[in-house]
Structures are given as structure tokens and as C-alpha cells.
file entry.tsv (TSV, C-alpha atoms)
chain	number	residue	atom	x	y	z
I	20	MET	CA	81.43	102.27	88.01
I	21	ASP	CA	82.04	105.57	89.78
I	22	TYR	CA	85.61	104.62	90.65
I	23	VAL	CA	86.31	104.88	86.93
I	24	ILE	CA	85.89	108.66	87.21
I	25	LEU	CA	88.33	108.89	90.12
I	26	SER	CA	90.94	106.83	88.28
I	27	LEU	CA	90.25	108.78	85.06
I	28	VAL	CA	90.97	112.07	86.88
I	29	MET	CA	94.19	110.56	88.25
I	30	LEU	CA	95.12	109.35	84.76
I	31	LEU	CA	94.50	112.80	83.26
I	32	ILE	CA	96.60	114.49	85.97
I	33	GLY	CA	99.41	112.01	85.27
I	34	ILE	CA	99.26	112.54	81.49
I	35	TYR	CA	99.19	116.33	81.95
I	36	GLY	CA	102.24	116.13	84.21
I	37	LEU	CA	103.98	113.85	81.72
I	38	LEU	CA	103.44	116.35	78.91
I	39	THR	CA	104.24	119.57	80.78
I	40	ASN	CA	106.99	118.81	83.31
I	41	ARG	CA	110.63	119.20	82.31
I	42	GLN	CA	112.29	117.65	85.36
I	43	LEU	CA	113.13	113.97	84.97
I	44	LEU	CA	111.93	113.09	88.48
I	45	LYS	CA	108.60	114.82	87.87
I	46	VAL	CA	108.19	112.75	84.70
I	47	PHE	CA	108.81	109.65	86.80
I	48	ILE	CA	106.22	110.81	89.36
I	49	SER	CA	103.74	111.30	86.50
I	50	ILE	CA	104.33	107.72	85.37
I	51	GLU	CA	103.77	106.54	88.96
I	52	LEU	CA	100.46	108.44	89.09
I	53	ILE	CA	99.34	106.84	85.82
I	54	ALA	CA	100.24	103.40	87.22
I	55	THR	CA	98.32	104.19	90.44
I	56	ALA	CA	95.27	105.19	88.40
I	57	ALA	CA	95.47	101.94	86.43
I	58	THR	CA	95.75	99.76	89.54
I	59	LEU	CA	92.90	101.64	91.25
I	60	ASN	CA	90.68	100.94	88.27
I	61	PHE	CA	91.87	97.34	88.13
I	62	ILE	CA	91.14	96.63	91.80
I	63	MET	CA	87.76	98.33	91.97
I	64	LEU	CA	86.46	96.54	88.88
I	65	ALA	CA	87.91	93.18	89.91
I	66	SER	CA	85.75	90.10	90.33
I	67	PRO	CA	84.53	89.43	93.89
I	68	ASN	CA	86.39	86.09	94.24
I	69	GLY	CA	89.74	87.71	95.01
I	70	VAL	CA	91.48	86.84	91.72
I	71	GLY	CA	91.82	90.55	90.99
I	72	GLN	CA	93.75	91.10	94.20
I	73	ALA	CA	96.03	88.15	93.42
I	74	LEU	CA	96.74	89.53	89.94
I	75	LEU	CA	97.36	92.95	91.44
I	76	ILE	CA	100.49	91.59	93.13
I	77	LEU	CA	101.79	90.73	89.65
I	78	ALA	CA	100.90	94.24	88.47
I	79	PHE	CA	102.72	95.75	91.46
I	80	SER	CA	105.86	93.71	90.83
I	81	VAL	CA	105.90	94.71	87.15
I	82	ASP	CA	105.35	98.34	88.14
I	83	THR	CA	108.22	98.18	90.64
I	84	ALA	CA	110.56	96.62	88.08
I	85	VAL	CA	109.65	99.32	85.55
I	86	SER	CA	110.24	102.00	88.21
I	87	ALA	CA	113.67	100.59	89.02
I	88	VAL	CA	114.70	100.57	85.33
I	89	ILE	CA	113.37	104.11	84.78
I	90	LEU	CA	115.18	105.44	87.86
I	91	ALA	CA	118.45	103.80	86.80
I	92	LEU	CA	118.11	105.42	83.36
I	93	LEU	CA	117.34	108.79	84.96
I	94	VAL	CA	120.46	108.63	87.13
I	95	ILE	CA	122.63	107.64	84.12
I	96	VAL	CA	121.22	110.41	81.90
I	97	SER	CA	121.46	113.12	84.55
I	98	LYS	CA	125.05	112.15	85.42
I	99	ARG	CA	126.05	112.07	81.76
I	100	TYR	CA	124.59	115.48	80.90
I	101	GLY	CA	124.97	117.14	84.31
I	102	THR	CA	121.35	118.22	84.57
I	103	SER	CA	117.89	116.73	85.08
I	104	ASP	CA	116.10	119.27	82.89
I	105	ILE	CA	114.80	117.61	79.72
I	106	SER	CA	115.09	120.71	77.52
I	107	LYS	CA	118.74	121.23	78.55
I	108	ILE	CA	119.48	117.55	77.92
I	109	VAL	CA	117.93	117.77	74.44
I	110	ALA	CA	119.93	120.95	73.71
I	111	LYS	CA	123.16	119.24	74.78
I	112	MET	CA	122.33	116.19	72.66
I	113	GLN	CA	121.76	118.42	69.63
I	114	GLU	CA	125.05	120.25	70.24
I	115	LYS	CA	126.86	116.93	70.44
I	116	ALA	CA	125.21	115.69	67.23
I	117	GLU	CA	126.19	118.90	65.42
I	118	GLU	CA	129.79	118.57	66.61
I	119	GLU	CA	129.92	115.00	65.40
I	120	SER	CA	128.49	115.92	61.99
I	121	GLU	CA	131.08	118.73	61.66
I	122	VAL	CA	133.90	116.32	62.48
I	123	GLU	CA	132.61	113.86	59.88
I	124	ALA	CA	132.36	116.63	57.28
G	10	MET	CA	81.66	109.74	103.16
G	11	ILE	CA	85.15	108.76	104.34
G	12	ILE	CA	86.06	107.41	100.90
G	13	GLU	CA	84.97	110.71	99.30
G	14	ILE	CA	87.29	112.61	101.67
G	15	LEU	CA	90.09	110.17	100.81
G	16	ALA	CA	89.37	110.69	97.10
G	17	VAL	CA	89.72	114.47	97.54
G	18	GLY	CA	92.99	113.94	99.43
G	19	LEU	CA	94.20	111.58	96.69
G	20	ILE	CA	93.62	114.13	93.91
G	21	ILE	CA	95.08	117.04	95.94
G	22	SER	CA	98.23	115.11	96.87
G	23	ALA	CA	98.64	113.95	93.25
G	24	ILE	CA	98.53	117.55	92.04
G	25	LEU	CA	100.94	118.69	94.75
G	26	ALA	CA	103.32	115.84	93.86
G	27	LEU	CA	103.44	117.01	90.27
G	28	PHE	CA	103.57	120.77	90.63
G	29	LEU	CA	105.53	121.52	93.82
G	30	ASP	CA	108.98	122.82	92.87
G	31	GLU	CA	111.02	121.30	95.72
G	32	VAL	CA	111.72	117.61	95.00
G	33	VAL	CA	111.53	116.52	98.66
G	34	TYR	CA	108.08	118.08	99.14
G	35	SER	CA	107.00	116.56	95.86
G	36	VAL	CA	108.03	113.07	96.98
G	37	ALA	CA	106.28	113.65	100.34
G	38	ALA	CA	103.09	114.53	98.46
G	39	LEU	CA	103.51	111.36	96.38
G	40	ALA	CA	103.74	109.45	99.68
G	41	GLY	CA	100.36	110.98	100.57
G	42	THR	CA	98.96	109.80	97.22
G	43	PHE	CA	100.09	106.23	97.87
G	44	LEU	CA	98.78	106.32	101.45
G	45	PHE	CA	95.35	107.57	100.35
G	46	THR	CA	95.23	104.88	97.65
G	47	ALA	CA	96.07	102.17	100.21
G	48	LEU	CA	93.37	103.50	102.58
G	49	ILE	CA	90.78	103.51	99.77
G	50	TYR	CA	91.65	99.88	99.02
G	51	VAL	CA	91.34	98.89	102.69
G	52	LEU	CA	88.05	100.70	103.20
G	53	SER	CA	86.66	99.15	100.01
G	54	GLY	CA	87.41	95.66	101.31
G	55	ALA	CA	90.55	94.98	99.26
G	56	LEU	CA	92.78	94.35	102.28
G	57	TYR	CA	95.61	92.55	100.53
G	58	ALA	CA	95.70	95.18	97.81
G	59	GLY	CA	95.94	97.86	100.49
G	60	ILE	CA	98.77	96.12	102.34
G	61	PHE	CA	100.74	95.46	99.13
G	62	GLN	CA	100.12	98.99	97.88
G	63	PHE	CA	101.54	100.28	101.16
G	64	ALA	CA	104.60	98.02	101.03
G	65	VAL	CA	105.39	98.60	97.35
G	66	SER	CA	104.86	102.34	97.62
G	67	VAL	CA	107.20	102.51	100.62
G	68	GLY	CA	109.89	100.81	98.53
G	69	THR	CA	109.30	103.20	95.63
G	70	LEU	CA	109.38	106.19	97.97
G	71	ALA	CA	112.62	105.00	99.57
G	72	ILE	CA	114.30	104.84	96.16
G	73	LEU	CA	112.75	108.19	95.19
G	74	PHE	CA	114.04	109.92	98.33
G	75	LEU	CA	117.55	108.64	97.60
G	76	SER	CA	117.54	109.44	93.88
G	77	GLY	CA	115.80	112.75	94.58
G	78	GLU	CA	118.72	113.63	96.81
G	79	MET	CA	121.14	112.64	94.02
G	80	LEU	CA	119.32	114.28	91.11
G	81	GLY	CA	117.58	117.16	92.83
G	82	GLU	CA	118.47	120.64	91.67
G	83	LYS	CA	117.68	123.84	93.53
G	84	PRO	CA	114.32	125.18	92.28
G	85	ALA	CA	114.46	128.52	90.46
G	86	ARG	CA	111.66	130.01	92.55
G	87	LYS	CA	110.68	129.57	96.19
G	88	ALA	CA	107.38	127.88	97.00
G	89	SER	CA	104.77	130.49	97.87
G	90	PRO	CA	101.70	129.77	100.04
G	91	VAL	CA	99.48	131.35	97.37
G	92	ARG	CA	100.69	128.90	94.72
G	93	THR	CA	100.30	125.96	97.09
G	94	GLY	CA	96.79	127.15	97.96
G	95	GLY	CA	96.00	127.43	94.26
G	96	LEU	CA	97.16	123.87	93.70
G	97	VAL	CA	94.99	122.64	96.60
G	98	GLY	CA	92.02	124.55	95.14
G	99	ALA	CA	92.63	123.00	91.73
G	100	GLY	CA	92.73	119.59	93.39
G	101	ILE	CA	89.38	120.20	95.13
G	102	LEU	CA	87.84	121.34	91.83
G	103	LEU	CA	89.14	118.29	89.99
G	104	SER	CA	87.82	115.93	92.67
G	105	LEU	CA	84.28	117.34	92.49
G	106	PRO	CA	83.12	114.76	89.89
G	107	ALA	CA	84.30	111.93	92.15
G	108	ILE	CA	82.48	113.47	95.15
G	109	PHE	CA	79.19	114.20	93.38
G	110	LEU	CA	79.13	110.80	91.76
G	111	SER	CA	79.68	109.24	95.22
G	112	VAL	CA	82.60	106.86	94.86
G	113	SER	CA	81.75	104.89	98.01
G	114	GLY	CA	79.74	101.71	98.03
G	115	THR	CA	80.19	100.78	94.36
G	116	SER	CA	83.10	98.37	94.55
G	117	ASN	CA	82.87	94.68	93.66
G	118	VAL	CA	85.84	93.75	95.83
G	119	ALA	CA	85.21	90.88	98.23
G	120	ALA	CA	85.91	91.28	101.93
G	121	ASP	CA	86.18	87.66	103.04
G	122	VAL	CA	88.72	88.47	105.77
G	123	ASP	CA	88.67	91.36	108.22
G	124	PHE	CA	91.55	93.75	108.65
G	125	GLY	CA	92.90	92.27	111.88
G	126	GLU	CA	92.91	88.75	110.44
G	127	ALA	CA	94.71	89.89	107.27
G	128	LEU	CA	97.26	91.77	109.33
G	129	TRP	CA	97.94	89.22	112.08
G	130	ASN	CA	96.80	85.69	111.15
G	131	LEU	CA	97.73	86.01	107.48
G	132	ARG	CA	101.04	87.77	108.31
G	133	GLY	CA	100.32	91.04	106.58
G	134	ILE	CA	102.01	92.79	109.49
G	135	ASP	CA	105.37	91.29	108.44
G	136	VAL	CA	105.15	92.97	105.06
G	137	VAL	CA	104.13	96.28	106.62
G	138	LEU	CA	106.93	96.21	109.23
G	139	GLN	CA	109.55	95.35	106.60
G	140	ALA	CA	108.32	98.26	104.53
G	141	ILE	CA	108.61	100.61	107.51
G	142	VAL	CA	112.17	99.42	108.20
G	143	ILE	CA	113.17	100.03	104.54
G	144	LEU	CA	111.61	103.50	104.58
G	145	THR	CA	113.34	104.42	107.85
G	146	LEU	CA	116.68	103.29	106.43
G	147	ALA	CA	116.19	105.28	103.25
G	148	LEU	CA	115.10	108.37	105.17
G	149	GLY	CA	118.19	108.09	107.39
G	150	ILE	CA	120.51	107.79	104.37
G	151	SER	CA	118.86	110.72	102.59
G	152	ILE	CA	119.16	112.90	105.73
G	153	VAL	CA	122.88	112.02	105.98
G	154	LEU	CA	123.36	112.88	102.28
G	155	TYR	CA	121.45	116.14	102.74
G	156	GLU	CA	123.62	117.14	105.72
G	157	ARG	CA	126.79	116.29	103.75
G	158	ARG	CA	125.64	118.40	100.83
G	159	LYS	CA	124.95	121.34	103.17
G	160	LYS	CA	128.57	121.23	104.47

call {"tool": "encode", "arguments": {"input": "entry.tsv", "output": "C-alpha cells"}}
result
Amino acid sequence: MDYVILSLVMLLIGIYGLLTNRQLLKVFISIELIATAATLNFIMLASPNGVGQALLILAFSVDTAVSAVILALLVIVSKRYGTSDISKIVAKMQEKAEEESEVEA
Amino acid sequence: MIIEILAVGLIISAILALFLDEVVYSVAALAGTFLFTALIYVLSGALYAGIFQFAVSVGTLAILFLSGEMLGEKPARKASPVRTGGLVGAGILLSLPAIFLSVSGTSNVAADVDFGEALWNLRGIDVVLQAIVILTLALGISIVLYERRKK
């Protein structure tokens, strides 16, 4: 039961990083930490017959696929907007939206 | 006792991974997080989970080193030892609940095979060696990219 506290601390650190960091890569690292906390909890509370470890391989493969998709999106976004800072990306998106609305008007 | 030390290292490296400004150091700290997690799995008896955690995390780190080299921007401020020390202190403080509640010896994970058998007879060493080869390749490519960017 005590492993729950360790994974809870990891989860809270990941959520805090997700909410406060502005760099895209740091957001990705936060997501990785949250996934690590989830798998830690999953493994330590697994049944003793080894099924938990077998299912963990599935969890790892899903996590890796999600990581690959997220990283591809990060590279596309940062190349398109020329920065990896979320606040600058949002500002550029707003500028673009305003320009488009002016053209339509 | 060893698992408590690993738990402290896990929390400290997680905090360093999130709050260090330089991307390369941040990814290195994330490598520490994955390594500590794999060691906790192994010491708790979840050998396969430890080996797979190691292999998968090496793949993730390889991609992260490469994309970190592509996306990384120069940090606005230089890393100071005081800030790093503060982060380590925060990590120790945050890991106190895990230490005082004694994380060791409470796992349900079965340990039907020993580490040597999982690594050699059940071919876990293949997975680990492939992971090391992938990481070495990625590190080599990221060093080449870093040198090119410096020129």
C-alpha cells in the first residue's frame, strides 16, 4: 500500500510540471513522469501470479506509441511556429486568427 | 533500506528533469528517473517489468535526445548550483512521506525467477543489449548534431 504514496508523489510532480512548464519538451517529460507513476502503481499492486507484469508490457507499448505521436506533434508545431514556448505559440496562433478575421471582414 | 534510497533518488531526479533549464541535463535526469524505477522493480521482484522498463525507457530517451537537439532552445538563464541544490532539497522533502512510510517489503509482486535466470536463460539480456545499442546510436547522432550546430 505504501507504494501508492511514492507513485502519488510522482503523479503530483508530473501534474505540477504539466501545469507550470511552458517548454513543449518539458510538457512531454511531465507526461512521461505521470506514465511512470501509473506503471509503478500498476506493478506494485499487481497480483502475485505474474499477470500484472505481462499486462505491463501492453502498457509500455501503448505508452511508447503515445510518446512517439506526441513527439511527432511537438516537432511539427515547433517547426511551424519557430519556437517551442507554448505562450509564444499561442500568441502567434492568435495573431494568425486575427489576420484571417480581418481578411474575411 | 535500499528501496527507500532509490525512492529518494527517483523523486529528486524527477524534479530535476522537470525544472532544470538546459534540455540535455533535463533528459539526463529523466534517464535517472527511469533507471531508478527499473531498479525498484528489480529489487521488488518484478524482474521482467524492470528489464522492459529499462529497454523502453532507453528507446524513449534516444528519441528525446534527438528531438531535444532539434527543438532545444538556449535557456534564458544559466543553471546555478544554488538553484540545483534547492531542487535537490525539494526532492528530499517530497520523498519524506515515502521514506517514513517505508516503501520496502510491501509489494505483492511474485519473484518466481531470479535475476540471472531472467537475464540469461529467459533471454532478457538480448533486450537489454539491443536497448544499449539503440541508446549508443542515438547519443552518437546527437553529439554529431551538437558539434554541427556549434560550427

call {"tool": "atom_distance", "arguments": {"input": "entry.tsv", "atom1": "atom CA of Ala84 of chain I", "atom2": "atom CA of Thr55 of chain I"}}
result
14.6 Å

call {"tool": "residues_around", "arguments": {"input": "entry.tsv", "residues": "segment 23-33 of chain I", "least_positions_apart": "5", "cutoff": "8 Å", "atoms": "all atoms listed in the file", "output": "list of chain:residue names"}}
result
I:Ser49, I:Ile50, I:Glu51, I:Leu52, I:Ile53, I:Thr55, I:Ala56, I:Ala57, I:Leu59, I:Asn60, G:Ala16, G:Ile20, G:Ala23, G:Ile24, G:Leu103, G:Ser104, G:Pro106, G:Ala107, G:Val112

call {"tool": "residues_near_point", "arguments": {"input": "entry.tsv", "point": "(101.1, 95.2, 92.7)", "cutoff": "12 Å", "atoms": "all atoms listed in the file", "output": "MDAnalysis selection string"}}
result
(chainID I and resid 54:55 57:59 61:62 71:85) or (chainID G and resid 47 57:66 68:69)

call {"tool": "closest_residue", "arguments": {"input": "entry.tsv", "among": "I:Leu43, I:Ala110, I:Met63, I:Ile48", "to": "Val94 of chain I", "atoms": "only C-alpha atoms"}}
result
I:Leu43

call {"tool": "residues_around", "arguments": {"input": "entry.tsv", "residues": "Leu93 of chain I", "least_positions_apart": "6", "cutoff": "12 Å", "atoms": "only C-alpha atoms", "output": "list in words"}}
result
Gln42, Leu43, Leu44, Lys45, Val46, Phe47, Ser86, Ala87, Arg99, Tyr100, Gly101, Thr102, Ser103, Asp104, Ile105 and Ile108 of chain I; Leu73, Ser76, Gly77, Met79, Leu80 and Gly81 of chain G

call {"tool": "atom_distance", "arguments": {"input": "entry.tsv", "atom1": "atom CA of Ser151 of chain G", "atom2": "atom CA of Leu15 of chain G"}}
result
28.8 Å

call {"tool": "closest_residue", "arguments": {"input": "entry.tsv", "among": "I:Tyr35, I:Arg41, I:Ala65, I:Glu114", "to": "chain G", "atoms": "all atoms listed in the file"}}
result
I:Ala65

call {"tool": "closest_residue", "arguments": {"input": "entry.tsv", "among": "G:Leu75, G:Met10, G:Tyr50, G:Ala55", "to": "Val32 of chain G", "atoms": "all atoms listed in the file"}}
result
G:Leu75

call {"tool": "atom_distance", "arguments": {"input": "entry.tsv", "atom1": "atom CA of Glu123 of chain I", "atom2": "atom CA of Ile95 of chain I"}}
result
26.9 Å

call {"tool": "closest_residue", "arguments": {"input": "entry.tsv", "among": "G:Ile72, G:Ile141, G:Ile14, G:Leu44", "to": "Ala91 of chain I", "atoms": "all atoms listed in the file"}}
result
G:Ile72

call {"tool": "residues_around", "arguments": {"input": "entry.tsv", "residues": "Ser35 of chain G", "least_positions_apart": "3", "cutoff": "9 Å", "atoms": "all atoms listed in the file", "output": "ChimeraX atom specification"}}
result
/I:45,48 /G:22,25-32,38-40

call {"tool": "axis_aligned_box", "arguments": {"input": "entry.tsv", "around": "segment 41-45 of chain I", "padding_each_side": "8 Å", "output": "lines of an AutoDock Vina configuration file"}}
result
center_x = 110.9
center_y = 116.1
center_z = 85.4
size_x = 20.5
size_y = 22.1
size_z = 22.2

call {"tool": "closest_residue", "arguments": {"input": "entry.tsv", "among": "G:Ile150, G:Val51, G:Leu138, G:Leu144", "to": "chain I", "atoms": "all atoms listed in the file"}}
result
G:Val51

call {"tool": "decode", "arguments": {"input": "entry.tsv", "residues": "segment 31-56 of chain I", "atoms": "N, CA, C and O atoms", "output": "compact mmCIF listing (two decimals), in the first residue's frame"}}
result
# COMPACT_ATOMS: atom_id res chain seq x y z
N LEU I 31 1.89 13.79 -8.68
CA LEU I 31 1.70 15.21 -8.36
C LEU I 31 2.81 16.06 -8.99
O LEU I 31 2.55 17.16 -9.49
N ILE I 32 4.06 15.55 -8.95
CA ILE I 32 5.17 16.28 -9.58
C ILE I 32 4.89 16.41 -11.08
O ILE I 32 5.07 17.49 -11.67
N GLY I 33 4.43 15.33 -11.71
CA GLY I 33 4.14 15.36 -13.14
C GLY I 33 3.03 16.34 -13.47
O GLY I 33 3.13 17.13 -14.42
N ILE I 34 1.96 16.34 -12.67
CA ILE I 34 0.84 17.26 -12.93
C ILE I 34 1.28 18.70 -12.73
O ILE I 34 0.93 19.59 -13.51
N TYR I 35 2.09 18.94 -11.67
CA TYR I 35 2.59 20.30 -11.44
C TYR I 35 3.44 20.78 -12.63
O TYR I 35 3.29 21.91 -13.10
N GLY I 36 4.31 19.89 -13.11
CA GLY I 36 5.14 20.24 -14.27
C GLY I 36 4.30 20.49 -15.51
O GLY I 36 4.56 21.40 -16.28
N LEU I 37 3.24 19.69 -15.67
CA LEU I 37 2.34 19.84 -16.82
C LEU I 37 1.65 21.21 -16.80
O LEU I 37 1.44 21.83 -17.83
N LEU I 38 1.30 21.66 -15.59
CA LEU I 38 0.57 22.92 -15.48
C LEU I 38 1.48 24.14 -15.52
O LEU I 38 1.03 25.22 -15.91
N THR I 39 2.73 24.01 -15.10
CA THR I 39 3.57 25.20 -14.95
C THR I 39 4.62 25.39 -16.05
O THR I 39 5.05 26.51 -16.27
N ASN I 40 5.04 24.31 -16.72
CA ASN I 40 6.11 24.46 -17.71
C ASN I 40 5.58 24.99 -19.03
O ASN I 40 4.46 24.67 -19.43
N ARG I 41 6.39 25.82 -19.69
CA ARG I 41 5.97 26.39 -20.97
C ARG I 41 6.69 25.75 -22.15
O ARG I 41 6.28 25.94 -23.29
N GLN I 42 7.78 25.04 -21.89
CA GLN I 42 8.51 24.39 -22.98
C GLN I 42 7.81 23.09 -23.37
O GLN I 42 7.40 22.32 -22.49
N LEU I 43 7.71 22.86 -24.68
CA LEU I 43 6.99 21.67 -25.15
C LEU I 43 7.64 20.38 -24.66
O LEU I 43 6.97 19.44 -24.27
N LEU I 44 9.00 20.36 -24.67
CA LEU I 44 9.69 19.13 -24.24
C LEU I 44 9.47 18.86 -22.76
O LEU I 44 9.38 17.71 -22.33
N LYS I 45 9.39 19.95 -21.96
CA LYS I 45 9.15 19.75 -20.53
C LYS I 45 7.74 19.21 -20.28
O LYS I 45 7.52 18.42 -19.37
N VAL I 46 6.80 19.65 -21.12
CA VAL I 46 5.44 19.11 -21.02
C VAL I 46 5.45 17.61 -21.33
O VAL I 46 4.82 16.80 -20.63
N PHE I 47 6.24 17.24 -22.34
CA PHE I 47 6.36 15.82 -22.68
C PHE I 47 6.98 15.03 -21.53
O PHE I 47 6.54 13.93 -21.19
N ILE I 48 8.03 15.61 -20.90
CA ILE I 48 8.67 14.95 -19.76
C ILE I 48 7.67 14.78 -18.61
O ILE I 48 7.64 13.75 -17.94
N SER I 49 6.81 15.79 -18.42
CA SER I 49 5.78 15.68 -17.38
C SER I 49 4.85 14.51 -17.67
O SER I 49 4.49 13.75 -16.75
N ILE I 50 4.46 14.37 -18.93
CA ILE I 50 3.57 13.26 -19.30
C ILE I 50 4.27 11.92 -19.05
O ILE I 50 3.66 10.96 -18.56
N GLU I 51 5.58 11.87 -19.35
CA GLU I 51 6.34 10.64 -19.10
C GLU I 51 6.37 10.31 -17.60
O GLU I 51 6.27 9.16 -17.21
N LEU I 52 6.53 11.36 -16.77
CA LEU I 52 6.56 11.13 -15.31
C LEU I 52 5.21 10.60 -14.82
O LEU I 52 5.15 9.71 -13.96
N ILE I 53 4.12 11.16 -15.37
CA ILE I 53 2.79 10.69 -14.98
C ILE I 53 2.62 9.22 -15.38
O ILE I 53 2.11 8.40 -14.61
N ALA I 54 3.10 8.87 -16.59
CA ALA I 54 3.01 7.48 -17.05
C ALA I 54 3.85 6.56 -16.16
O ALA I 54 3.43 5.44 -15.83
N THR I 55 5.04 7.05 -15.76
CA THR I 55 5.90 6.24 -14.87
C THR I 55 5.21 6.00 -13.52
O THR I 55 5.26 4.89 -12.97
N ALA I 56 4.56 7.05 -13.00
CA ALA I 56 3.85 6.90 -11.73
C ALA I 56 2.73 5.88 -11.86
O ALA I 56 2.54 5.02 -10.97
